[in-house]
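Structure data (TSV, C-alpha atoms and all ligand atoms) from input-v5.tsv:
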```tsv
chain	number	residue	atom	x	y	z
A	139	MET	CA	128.82	109.45	122.14
A	140	GLN	CA	125.54	110.90	121.02
A	141	HIS	CA	122.82	112.45	123.19
A	142	LEU	CA	119.25	113.37	122.30
A	143	LEU	CA	118.71	116.89	123.55
A	144	SER	CA	116.77	118.61	120.78
A	145	LEU	CA	116.93	116.61	117.51
A	146	LYS	CA	118.55	119.63	115.82
A	147	ASP	CA	121.79	117.77	115.27
A	148	TYR	CA	120.12	114.63	113.89
A	149	SER	CA	120.14	113.96	110.15
A	150	LYS	CA	117.14	112.81	108.15
A	151	SER	CA	118.62	109.34	107.74
A	152	GLN	CA	119.36	108.99	111.48
A	153	VAL	CA	115.79	109.92	112.32
A	154	GLU	CA	114.43	107.59	109.65
A	155	GLN	CA	116.51	104.75	111.10
A	156	ILE	CA	115.09	105.40	114.57
A	157	LEU	CA	111.53	105.45	113.18
A	158	ALA	CA	112.15	102.23	111.22
A	159	LEU	CA	113.50	100.51	114.33
A	160	ALA	CA	110.50	101.75	116.35
A	161	LYS	CA	108.17	100.27	113.73
A	162	ASP	CA	109.97	96.92	113.94
A	163	LEU	CA	109.95	97.01	117.75
A	164	LYS	CA	106.19	97.48	117.60
A	165	ALA	CA	105.62	94.75	115.00
A	166	ASN	CA	108.09	92.16	116.35
A	167	PRO	CA	108.51	92.68	120.11
A	168	ASP	CA	109.82	89.14	120.71
A	169	LYS	CA	112.89	89.84	118.59
A	170	TYR	CA	114.02	92.43	121.10
A	171	SER	CA	113.18	90.83	124.45
A	172	ASP	CA	116.87	90.62	125.45
A	173	ALA	CA	118.07	93.72	123.61
A	174	LEU	CA	118.82	95.66	126.81
A	175	LYS	CA	119.71	92.64	128.96
A	176	GLY	CA	122.04	93.69	131.78
A	177	LYS	CA	121.54	97.39	131.04
A	178	SER	CA	120.17	99.99	133.44
A	179	VAL	CA	118.57	103.26	132.46
A	180	ILE	CA	118.01	106.21	134.81
A	181	THR	CA	114.61	107.87	134.29
A	182	LEU	CA	114.71	111.15	136.12
A	183	PHE	CA	111.80	113.56	136.61
A	184	GLU	CA	111.74	117.12	137.93
A	185	LYS	CA	108.14	117.45	136.68
A	186	PRO	CA	105.05	115.19	136.79
A	187	SER	CA	104.41	112.55	134.13
A	188	LEU	CA	102.10	109.69	133.26
A	189	ARG	CA	102.95	108.62	129.69
A	190	THR	CA	106.70	109.23	129.78
A	191	ARG	CA	107.24	107.55	133.12
A	192	VAL	CA	105.15	104.49	132.34
A	193	THR	CA	106.31	104.02	128.72
A	194	LEU	CA	109.93	104.18	129.83
A	195	ASP	CA	109.47	101.75	132.72
A	196	ILE	CA	107.39	99.21	130.80
A	197	GLY	CA	109.31	99.75	127.56
A	198	ILE	CA	112.74	99.14	129.12
A	199	ASN	CA	111.36	96.09	130.91
A	200	ARG	CA	110.15	94.70	127.55
A	201	LEU	CA	113.72	94.93	126.24
A	202	GLY	CA	115.02	92.99	129.25
A	203	GLY	CA	116.57	96.08	130.82
A	204	HIS	CA	116.12	97.80	134.14
A	205	ALA	CA	114.69	101.29	134.65
A	206	VAL	CA	115.61	103.26	137.78
A	207	TYR	CA	113.10	105.99	138.58
A	208	LEU	CA	114.36	109.13	140.29
A	209	ASP	CA	111.90	111.84	141.27
A	210	SER	CA	112.45	115.40	142.35
A	211	GLN	CA	112.33	114.75	146.10
A	212	ASN	CA	115.48	116.80	146.46
A	213	GLY	CA	114.18	119.68	144.39
A	214	ALA	CA	115.56	120.67	141.03
A	215	MET	CA	118.69	118.84	140.01
A	216	GLY	CA	121.72	120.73	141.19
A	217	SER	CA	120.30	121.76	144.58
A	218	ARG	CA	121.65	118.81	146.63
A	219	GLU	CA	124.73	118.30	144.53
A	220	SER	CA	125.92	119.83	141.30
A	221	VAL	CA	124.57	118.64	137.95
A	222	GLN	CA	128.18	117.80	137.10
A	223	ASP	CA	128.51	115.40	140.05
A	224	PHE	CA	125.05	114.01	139.48
A	225	ALA	CA	125.90	113.14	135.87
A	226	ALA	CA	129.35	111.78	136.69
A	227	ASN	CA	128.01	109.47	139.41
A	228	LEU	CA	125.07	108.17	137.38
A	229	SER	CA	127.43	107.41	134.49
A	230	ARG	CA	129.34	104.93	136.68
A	231	TRP	CA	126.24	102.77	137.19
A	232	ALA	CA	123.80	103.32	134.34
A	233	HIS	CA	123.97	102.93	130.57
A	234	ALA	CA	121.78	105.95	129.74
A	235	ILE	CA	120.07	108.85	131.51
A	236	VAL	CA	116.60	109.98	130.44
A	237	ALA	CA	115.65	113.26	132.10
A	238	ARG	CA	112.63	115.59	132.30
A	239	VAL	CA	113.77	118.96	133.57
A	240	TYR	CA	112.62	122.54	133.95
A	241	ASP	CA	115.56	124.17	132.26
A	242	HIS	CA	117.11	122.94	129.01
A	243	GLN	CA	120.47	124.16	130.28
A	244	THR	CA	120.41	121.40	132.93
A	245	LEU	CA	120.42	118.82	130.12
A	246	VAL	CA	123.22	120.60	128.30
A	247	GLU	CA	125.32	120.61	131.45
A	248	MET	CA	124.44	117.01	132.20
A	249	SER	CA	125.47	115.92	128.70
A	250	GLU	CA	128.83	117.65	129.16
A	251	TYR	CA	129.67	115.56	132.20
A	252	ALA	CA	127.82	112.30	131.50
A	253	LYS	CA	129.78	109.40	130.06
A	254	VAL	CA	126.56	107.78	128.84
A	255	PRO	CA	123.85	109.08	126.47
A	256	VAL	CA	121.53	111.75	127.91
A	257	ILE	CA	118.00	111.79	126.47
A	258	ASN	CA	115.59	114.70	126.86
A	259	SER	CA	112.14	113.54	127.96
A	260	LEU	CA	110.78	117.14	128.04
A	261	CYS	CA	112.21	120.47	129.07
A	262	ASN	CA	111.04	124.07	128.73
A	263	LEU	CA	112.17	124.18	125.08
A	264	TYR	CA	111.78	120.72	123.55
A	265	HIS	CA	110.03	117.35	123.72
A	266	PRO	CA	111.94	115.29	121.13
A	267	CYS	CA	110.66	111.83	122.14
A	268	GLN	CA	107.14	113.17	121.76
A	269	ALA	CA	107.81	114.50	118.25
A	270	LEU	CA	109.34	111.14	117.24
A	271	ALA	CA	106.20	109.34	118.45
A	272	ASP	CA	104.05	111.91	116.66
A	273	PHE	CA	105.70	111.40	113.28
A	274	MET	CA	105.75	107.63	113.79
A	275	THR	CA	101.99	107.81	114.33
A	276	ILE	CA	101.44	110.06	111.31
A	277	ALA	CA	103.52	107.64	109.20
A	278	GLU	CA	101.10	104.85	110.14
A	279	HIS	CA	98.53	106.75	108.03
A	280	HIS	CA	100.69	108.45	105.40
A	281	ASP	CA	103.31	106.58	103.36
A	282	ASP	CA	105.12	109.74	102.28
A	283	LEU	CA	105.78	112.25	105.05
A	284	SER	CA	106.97	114.82	102.50
A	285	LYS	CA	103.35	115.09	101.35
A	286	VAL	CA	101.92	115.64	104.84
A	287	HIS	CA	100.74	119.02	106.12
A	288	LEU	CA	100.55	119.10	109.92
A	289	ALA	CA	98.92	122.12	111.55
A	290	TYR	CA	99.66	122.61	115.23
A	291	VAL	CA	96.97	124.82	116.76
A	292	GLY	CA	97.20	126.43	120.21
A	293	ASP	CA	100.09	127.55	122.40
A	294	GLY	CA	103.55	127.68	120.84
A	295	ASN	CA	105.59	125.62	123.31
A	296	ASN	CA	108.16	122.83	123.76
A	297	VAL	CA	105.98	120.37	121.82
A	298	THR	CA	105.52	122.85	118.95
A	299	ASN	CA	109.26	123.51	118.77
A	300	SER	CA	110.07	119.82	118.45
A	301	LEU	CA	107.33	119.25	115.86
A	302	LEU	CA	108.70	122.08	113.73
A	303	LEU	CA	112.26	120.79	113.98
A	304	LEU	CA	111.44	117.15	113.29
A	305	GLY	CA	108.94	117.99	110.55
A	306	ALA	CA	111.63	120.10	108.92
A	307	ILE	CA	114.22	117.30	109.17
A	308	LEU	CA	111.78	114.81	107.62
A	309	GLY	CA	110.66	117.09	104.79
A	310	ALA	CA	107.04	117.54	105.94
A	311	THR	CA	105.05	120.79	105.99
A	312	VAL	CA	104.38	122.04	109.52
A	313	THR	CA	102.38	125.17	110.31
A	314	SER	CA	102.24	126.52	113.83
A	315	VAL	CA	98.93	128.37	114.32
A	316	CYS	CA	98.96	130.32	117.59
A	317	PRO	CA	97.60	133.61	118.96
A	318	ARG	CA	99.85	136.61	118.38
A	319	GLY	CA	102.59	136.70	120.99
A	320	ARG	CA	102.17	132.97	121.76
A	321	ASN	CA	103.80	131.46	118.69
A	322	VAL	CA	107.20	129.75	118.66
A	323	ASP	CA	110.18	132.01	119.05
A	324	ALA	CA	112.06	133.39	116.07
A	325	GLN	CA	115.22	131.40	116.81
A	326	VAL	CA	113.49	128.01	116.68
A	327	LEU	CA	111.69	129.02	113.50
A	328	LYS	CA	114.99	130.04	111.94
A	329	GLU	CA	116.58	126.71	112.87
A	330	ALA	CA	113.60	124.79	111.53
A	331	GLU	CA	113.67	126.79	108.29
A	332	ALA	CA	117.34	125.93	107.81
A	333	LEU	CA	116.57	122.21	108.30
A	334	ALA	CA	113.57	122.43	105.95
A	335	ALA	CA	115.79	123.97	103.27
A	336	LEU	CA	117.92	120.78	103.39
A	337	SER	CA	115.00	118.35	103.24
A	338	GLY	CA	112.58	120.16	100.94
A	339	GLY	CA	110.14	120.56	103.82
A	340	LYS	CA	108.29	123.70	104.81
A	341	VAL	CA	107.71	125.35	108.19
A	342	GLN	CA	105.57	128.40	108.75
A	343	VAL	CA	103.78	130.31	111.51
A	344	ALA	CA	100.31	131.87	111.37
A	345	ASP	CA	97.78	133.29	113.80
A	346	SER	CA	94.76	131.73	112.14
A	347	LEU	CA	93.88	128.77	109.96
A	348	GLU	CA	92.48	131.10	107.32
A	349	GLY	CA	94.07	130.60	103.92
A	350	LEU	CA	95.82	127.37	104.94
A	351	THR	CA	95.06	124.52	102.59
A	352	ASP	CA	95.54	120.78	102.37
A	353	ILE	CA	95.85	120.22	106.10
A	354	ASP	CA	96.06	116.48	106.81
A	355	VAL	CA	96.67	116.43	110.55
A	356	LEU	CA	95.57	118.77	113.34
A	357	TYR	CA	97.55	118.77	116.59
A	358	THR	CA	97.10	120.55	119.89
A	359	ASP	CA	98.52	120.62	123.40
A	360	THR	CA	97.65	122.28	126.70
A	361	TRP	CA	97.34	126.09	126.73
A	362	VAL	CA	99.36	126.25	129.97
A	363	SER	CA	102.48	124.11	130.22
A	364	MET	CA	104.09	122.65	133.34
A	365	GLY	CA	106.12	125.25	135.15
A	366	ASP	CA	103.71	128.07	134.17
A	367	ASP	CA	101.46	128.97	137.11
A	368	THR	CA	98.90	130.92	135.05
A	369	PRO	CA	95.42	129.49	135.82
A	370	LEU	CA	93.90	127.94	132.69
A	371	GLU	CA	90.76	130.10	133.16
A	372	GLN	CA	92.87	133.21	132.58
A	373	VAL	CA	93.87	132.26	129.07
A	374	ILE	CA	90.58	130.79	127.83
A	375	GLU	CA	89.49	133.94	126.04
A	376	VAL	CA	92.68	134.18	123.98
A	377	PHE	CA	92.84	130.49	123.14
A	378	MET	CA	89.21	129.41	122.70
A	379	PRO	CA	89.21	130.27	118.97
A	380	TYR	CA	92.06	127.73	118.67
A	381	GLN	CA	90.11	124.85	120.21
A	382	ILE	CA	90.14	121.70	118.07
A	383	ASN	CA	86.47	120.85	117.64
A	384	GLN	CA	84.28	119.25	115.00
A	385	ALA	CA	83.78	122.56	113.18
A	386	MET	CA	87.57	122.98	112.80
A	387	LEU	CA	87.90	119.40	111.63
A	388	ASP	CA	85.15	119.93	109.05
A	389	SER	CA	86.43	123.28	107.80
A	390	THR	CA	90.05	122.12	107.38
A	391	GLY	CA	89.20	118.65	106.07
A	392	ALA	CA	91.94	117.17	108.28
A	393	THR	CA	91.77	113.40	108.52
A	394	GLN	CA	93.76	112.80	111.73
A	395	VAL	CA	93.96	114.52	115.11
A	396	LEU	CA	96.86	114.34	117.57
A	397	HIS	CA	97.32	115.54	121.15
A	398	CYS	CA	100.40	114.68	123.20
A	399	GLN	CA	98.29	114.63	126.44
A	400	PRO	CA	97.56	115.36	129.23
A	401	ALA	CA	94.44	116.85	127.59
A	402	HIS	CA	91.99	119.33	129.03
A	403	ARG	CA	88.71	118.24	127.51
A	404	GLU	CA	86.46	121.04	126.26
A	405	MET	CA	89.43	123.41	126.45
A	406	GLU	CA	92.06	122.84	123.74
A	407	ILE	CA	90.12	119.84	122.37
A	408	THR	CA	86.52	118.69	122.62
A	409	SER	CA	85.61	115.20	123.79
A	410	GLU	CA	83.70	114.79	120.54
A	411	VAL	CA	86.96	115.03	118.58
A	412	MET	CA	89.21	113.35	121.13
A	413	ASP	CA	86.97	110.29	121.24
A	414	GLY	CA	85.93	110.53	117.57
A	415	PRO	CA	87.07	108.62	114.48
A	416	ALA	CA	89.81	111.09	113.45
A	417	SER	CA	91.58	110.78	116.80
A	418	ILE	CA	94.79	108.73	116.76
A	419	ILE	CA	95.76	110.04	120.18
A	420	LEU	CA	96.00	106.67	121.92
A	421	ASP	CA	98.16	105.22	119.13
A	422	GLN	CA	100.34	108.29	119.61
A	423	ALA	CA	100.61	107.55	123.36
A	424	GLU	CA	101.46	103.90	122.70
A	425	ASN	CA	104.10	104.88	120.17
A	426	ARG	CA	105.98	106.86	122.81
A	427	MET	CA	107.15	103.49	124.12
A	428	HIS	CA	108.33	102.18	120.75
A	429	VAL	CA	110.26	105.31	119.74
A	430	GLN	CA	111.89	105.66	123.14
A	431	ASN	CA	112.98	102.03	122.97
A	432	ALA	CA	114.37	102.68	119.49
A	433	VAL	CA	116.28	105.72	120.77
A	434	LEU	CA	117.66	103.79	123.75
A	435	LEU	CA	118.81	100.86	121.61
A	436	THR	CA	120.36	103.16	119.04
A	437	LEU	CA	122.26	105.35	121.50
A	438	ILE	CA	123.28	102.69	124.02
A	439	ASN	CA	124.50	100.26	121.35
A	440	ARG	CA	126.32	103.02	119.51
A	441	ASP	CA	128.03	103.93	122.75
A	442	MET	CA	129.09	100.33	123.48
A	443	HIS	CA	130.91	99.88	120.15
A	501	LIG	N1	102.95	113.51	126.57
A	501	LIG	C1	103.63	113.38	127.71
A	501	LIG	O1	104.84	113.62	127.78
A	501	LIG	O2	102.88	112.94	128.76
A	501	LIG	P1	103.36	112.91	130.29
A	501	LIG	O3	103.57	114.34	130.71
A	501	LIG	O4	102.21	112.25	131.03
A	501	LIG	O5	104.61	112.13	130.37
A	502	LIG	N1	103.63	121.49	126.75
A	502	LIG	C1	103.31	120.54	127.78
A	502	LIG	C2	103.59	119.15	127.33
A	502	LIG	C3	103.19	118.07	128.28
A	502	LIG	C4	103.52	116.70	127.81
A	502	LIG	C5	104.11	120.87	129.04
A	502	LIG	O1	105.30	121.19	128.93
A	502	LIG	O2	103.54	120.82	130.11
```

Can you give me the file's structure in the form of C-alpha cells?
Ligand code: CP
Ligand code: NVA
Amino acid sequence: MQHLLSLKDYSKSQVEQILALAKDLKANPDKYSDALKGKSVITLFEKPSLRTRVTLDIGINRLGGHAVYLDSQNGAMGSRESVQDFAANLSRWAHAIVARVYDHQTLVEMSEYAKVPVINSLCNLYHPCQALADFMTIAEHHDDLSKVHLAYVGDGNNVTNSLLLLGAILGATVTSVCPRGRNVDAQVLKEAEALAALSGGKVQVADSLEGLTDIDVLYTDTWVSMGDDTPLEQVIEVFMPYQINQAMLDSTGATQVLHCQPAHREMEITSEVMDGPASIILDQAENRMHVQNAVLLTLINRDMH
C-alpha cells in the first residue's frame, strides 16, 4: 500500500500519471462520477482550512464517494486515544485517510498503523497536494516543465519544501528566495538536489532575486504559517523586500504568479498582482480538487487490487 506523506518516494512517472489523471478529471468529470462509489474517505484537520476542506468534500462527492470530516475538537490527535488506535479504527471503516496535522511524525505513525492510504494535506514540513496542484496549474501554461523556472519568494516553509521536491522530481528549475535564516533547511535541499540529479532539474536557494534570470513563475505564501504565533507585524520589516508586487513582476519578467492562499493582501502579495492578469491563483485553488481526486483514485484503486 502506498501513502502520500511527502512525495519524496514518488517517481517522475508516478507523479506524471497523477497529473495526467487530474487533467482528465478536470476535462471529463462525467467519466468519473461513480469512480469512488461506495467508498468513504476520512478528512481530518488539526488546523484550520478553507480550500483543502472544501475541495476534498466537494471533490469526493463528485466522484460518488463520501467524505467524513473530523475536526480537532479533541485536541491534537493522540490526546484522547493513541495515533495507533486512531489509525487502526479508521482503517476498519474508511478507504483512505487525508490528514492535516501539526507534526509530520503524526502522519508517519499513522501510516505505520493504517491499513488504508494516508494522505498528507499539510503538516509542519510538507504540503504535497498543494505542490501537485501548483505544477498542474503551471503545466496549463507551459508544455515542457523541464524548461520552467519557478521562483518562490518569501518564507521558506512547508509549501516551499514540497515545491522544491516536486520541481526536482519533474525536472523543473526551482529557486527558493528567502531572507537569511528563513530559507528551507539543508536536509530538504539535499533531498531535492538528489532528486534533481535524477531528473535533470535544478534546485537552488538565494536571499535575493538579483542575478536570477529567466524566471517564468513567481510564487509566494504567508510569512507566518499556522502553528507559529509570531504576529505578522513583527516580521514585516524582514519580509517586505520579498513582497510580490508589480515592480517585482516587471523586473523579473515572470509571466505567471501563484499563491497557495490564504493570502495577506499588501503583505506578501499586493492586490494589484493578485487580481491582475498574471495571477493564476484561482485556477491553482480549483486544481487542488482535481489533483486530490487523482491521488485518491490512484491510491485507493491501487490498494483494492
Ligand atoms: N492552500 C491551502 O491549503 O488552503 P487552506 O489552508 O484553506 O486549506
Ligand atoms: N505555509 C502555510 C500554508 C497554508 C496553506 C501554513 O502552513 O500555514

- Query: What do you get as a ChimeraX atom specification if you pick all residues at most 10 Å from ligand LIG 501 (chain A), counting all atoms listed in the file?
  - Reply: /A:183,185-194,238,259-260,265-269,271,297,359,363-364,397-401,422-423,426

- Item | Between atom CA of Gly197 of chain A and atom CA of Thr275 of chain A, distance in Å (one decimal) |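 Separation of atom CA of Gly197 of chain A and atom CA of Thr275 of chain A: 17.1 Å.
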
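Using only C-alpha atoms, the nearest neighbour of Gly294 of chain A within the list A:Ala344, A:Ala277, A:Cys261, A:Ala225 is A:Ala344.
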
- Please provide the set of residues having any atom within 8 Å of Ala416 of chain A, restricted to all atoms listed in the file, with same-chain residues fewer than 5 positions apart removed, written as a ChimeraX atom specification. /A:393-395,411

- Item | Who sits within 12 Å of Leu145 of chain A, all atoms listed in the file, same chain under 4 positions skipped, as JSON, numbers by chain | {"A": [140, 141, 149, 150, 152, 153, 156, 257, 258, 259, 263, 264, 265, 266, 267, 268, 269, 270, 299, 300, 301, 302, 303, 304, 305, 306, 307, 308, 326, 329, 330, 333, 433]}

- A:Ala334, A:Val239, A:Val376, A:Met405 ranked by distance to ligand LIG 502 (chain A), top pick (using only C-alpha atoms and all ligand atoms):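 For ligand LIG 502 (chain A), the nearest of the candidates is A:Val239.
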
- Message: Just checking: using all atoms listed in the file, which residue out of A:Val362, A:Ile196, A:Leu356, A:Leu387 ends up closest to ligand LIG 502 (chain A)?
- Response: A:Val362

- Using all atoms listed in the file, find the one residue out of A:Lys285, A:Glu424, A:Tyr357, A:Thr244 that sits nearest to Thr298 of chain A.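 Of A:Lys285, A:Glu424, A:Tyr357, A:Thr244, the one nearest Thr298 of chain A, counting all atoms listed in the file, is A:Tyr357.
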
- Query: Near Arg200 of chain A, counting all atoms listed in the file, which residues have an atom at most 8 Å away, once you skip same-chain residues fewer than 5 positions from it, shown as number ranges by chain?
  - Reply: A: 167, 170-171

- Within 12 Å of Ala165 of chain A, counting all atoms listed in the file, which residues qualify if same-chain residues fewer than 6 places away don't, as number ranges by chain? A: 158-159, 425, 428

Excluding Glu184 of chain A and residues on its chain fewer than 6 positions from it, collect all residues at most 9 Å away from it, counting only C-alpha atoms, and give them as a PDB file with C-alpha atoms, keeping the file's coordinate frame.
```pdb
ATOM      1  CA  LEU A 208     114.360 109.130 140.290  1.00  0.00           C
ATOM      2  CA  ASP A 209     111.900 111.840 141.270  1.00  0.00           C
ATOM      3  CA  SER A 210     112.450 115.400 142.350  1.00  0.00           C
ATOM      4  CA  GLN A 211     112.330 114.750 146.100  1.00  0.00           C
ATOM      5  CA  GLY A 213     114.180 119.680 144.390  1.00  0.00           C
ATOM      6  CA  ALA A 214     115.560 120.670 141.030  1.00  0.00           C
ATOM      7  CA  MET A 215     118.690 118.840 140.010  1.00  0.00           C
ATOM      8  CA  ALA A 237     115.650 113.260 132.100  1.00  0.00           C
ATOM      9  CA  ARG A 238     112.630 115.590 132.300  1.00  0.00           C
ATOM     10  CA  VAL A 239     113.770 118.960 133.570  1.00  0.00           C
ATOM     11  CA  TYR A 240     112.620 122.540 133.950  1.00  0.00           C
TER      12      TYR A 240
END
```

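Atom CA of Val256 of chain A is found 12.7 Å from atom CA of Gln243 of chain A.
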
- Query: Which residue, A:Ile276, A:Met378, A:Val343, A:Met248, has the smallest gap to Ser417 of chain A when you use only C-alpha atoms?
  - Reply: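 Once distances to Ser417 of chain A are computed over only C-alpha atoms, the minimum belongs to A:Ile276.
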
- Task: Provide the atom CA of Ala234 of chain A to atom N1 of ligand LIG 502 (chain A) distance in Å, to one decimal place.
- Result: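 These atoms are spaced 24.1 Å apart.
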
- Query: So, counting all atoms listed in the file, which residue among A:Asp345, A:Asp293, A:Asp162, A:Glu331 is closest to ligand LIG 502 (chain A)?
  - Reply: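 With all atoms listed in the file as the atom set, the closest residue is A:Asp293.
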
- Message: For a cutoff of 12 Å around the file-coordinate point (123.5, 112.5, 137.6), which residues qualify once you count all atoms listed in the file? I'd like the result as a ChimeraX atom specification.
- Response: /A:179-183,208,214-216,218-237,244-245,247-256

Next, dump the selected residues to file, keeping only C-alpha atoms, as a PDB file, in the frame of the given file.
```pdb
ATOM      1  CA  VAL A 179     118.570 103.260 132.460  1.00  0.00           C
ATOM      2  CA  ILE A 180     118.010 106.210 134.810  1.00  0.00           C
ATOM      3  CA  THR A 181     114.610 107.870 134.290  1.00  0.00           C
ATOM      4  CA  LEU A 182     114.710 111.150 136.120  1.00  0.00           C
ATOM      5  CA  PHE A 183     111.800 113.560 136.610  1.00  0.00           C
ATOM      6  CA  LEU A 208     114.360 109.130 140.290  1.00  0.00           C
ATOM      7  CA  ALA A 214     115.560 120.670 141.030  1.00  0.00           C
ATOM      8  CA  MET A 215     118.690 118.840 140.010  1.00  0.00           C
ATOM      9  CA  GLY A 216     121.720 120.730 141.190  1.00  0.00           C
ATOM     10  CA  ARG A 218     121.650 118.810 146.630  1.00  0.00           C
ATOM     11  CA  GLU A 219     124.730 118.300 144.530  1.00  0.00           C
ATOM     12  CA  SER A 220     125.920 119.830 141.300  1.00  0.00           C
ATOM     13  CA  VAL A 221     124.570 118.640 137.950  1.00  0.00           C
ATOM     14  CA  GLN A 222     128.180 117.800 137.100  1.00  0.00           C
ATOM     15  CA  ASP A 223     128.510 115.400 140.050  1.00  0.00           C
ATOM     16  CA  PHE A 224     125.050 114.010 139.480  1.00  0.00           C
ATOM     17  CA  ALA A 225     125.900 113.140 135.870  1.00  0.00           C
ATOM     18  CA  ALA A 226     129.350 111.780 136.690  1.00  0.00           C
ATOM     19  CA  ASN A 227     128.010 109.470 139.410  1.00  0.00           C
ATOM     20  CA  LEU A 228     125.070 108.170 137.380  1.00  0.00           C
ATOM     21  CA  SER A 229     127.430 107.410 134.490  1.00  0.00           C
ATOM     22  CA  ARG A 230     129.340 104.930 136.680  1.00  0.00           C
ATOM     23  CA  TRP A 231     126.240 102.770 137.190  1.00  0.00           C
ATOM     24  CA  ALA A 232     123.800 103.320 134.340  1.00  0.00           C
ATOM     25  CA  HIS A 233     123.970 102.930 130.570  1.00  0.00           C
ATOM     26  CA  ALA A 234     121.780 105.950 129.740  1.00  0.00           C
ATOM     27  CA  ILE A 235     120.070 108.850 131.510  1.00  0.00           C
ATOM     28  CA  VAL A 236     116.600 109.980 130.440  1.00  0.00           C
ATOM     29  CA  ALA A 237     115.650 113.260 132.100  1.00  0.00           C
ATOM     30  CA  THR A 244     120.410 121.400 132.930  1.00  0.00           C
ATOM     31  CA  LEU A 245     120.420 118.820 130.120  1.00  0.00           C
ATOM     32  CA  GLU A 247     125.320 120.610 131.450  1.00  0.00           C
ATOM     33  CA  MET A 248     124.440 117.010 132.200  1.00  0.00           C
ATOM     34  CA  SER A 249     125.470 115.920 128.700  1.00  0.00           C
ATOM     35  CA  GLU A 250     128.830 117.650 129.160  1.00  0.00           C
ATOM     36  CA  TYR A 251     129.670 115.560 132.200  1.00  0.00           C
ATOM     37  CA  ALA A 252     127.820 112.300 131.500  1.00  0.00           C
ATOM     38  CA  LYS A 253     129.780 109.400 130.060  1.00  0.00           C
ATOM     39  CA  VAL A 254     126.560 107.780 128.840  1.00  0.00           C
ATOM     40  CA  PRO A 255     123.850 109.080 126.470  1.00  0.00           C
ATOM     41  CA  VAL A 256     121.530 111.750 127.910  1.00  0.00           C
TER      42      VAL A 256
END
```

- Message: Show me the residues around (85.7, 114.0, 120.5) - criterion: an atom at most 10 Å away, only C-alpha atoms counted - as a list of chain:residue names.
- Response: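 So the residues meeting the distance criterion are A:Ile382, A:Asn383, A:Gln384, A:Val395, A:Arg403, A:Glu404, A:Ile407, A:Thr408, A:Ser409, A:Glu410, A:Val411, A:Met412, A:Asp413, A:Gly414, A:Pro415, A:Ala416, A:Ser417.
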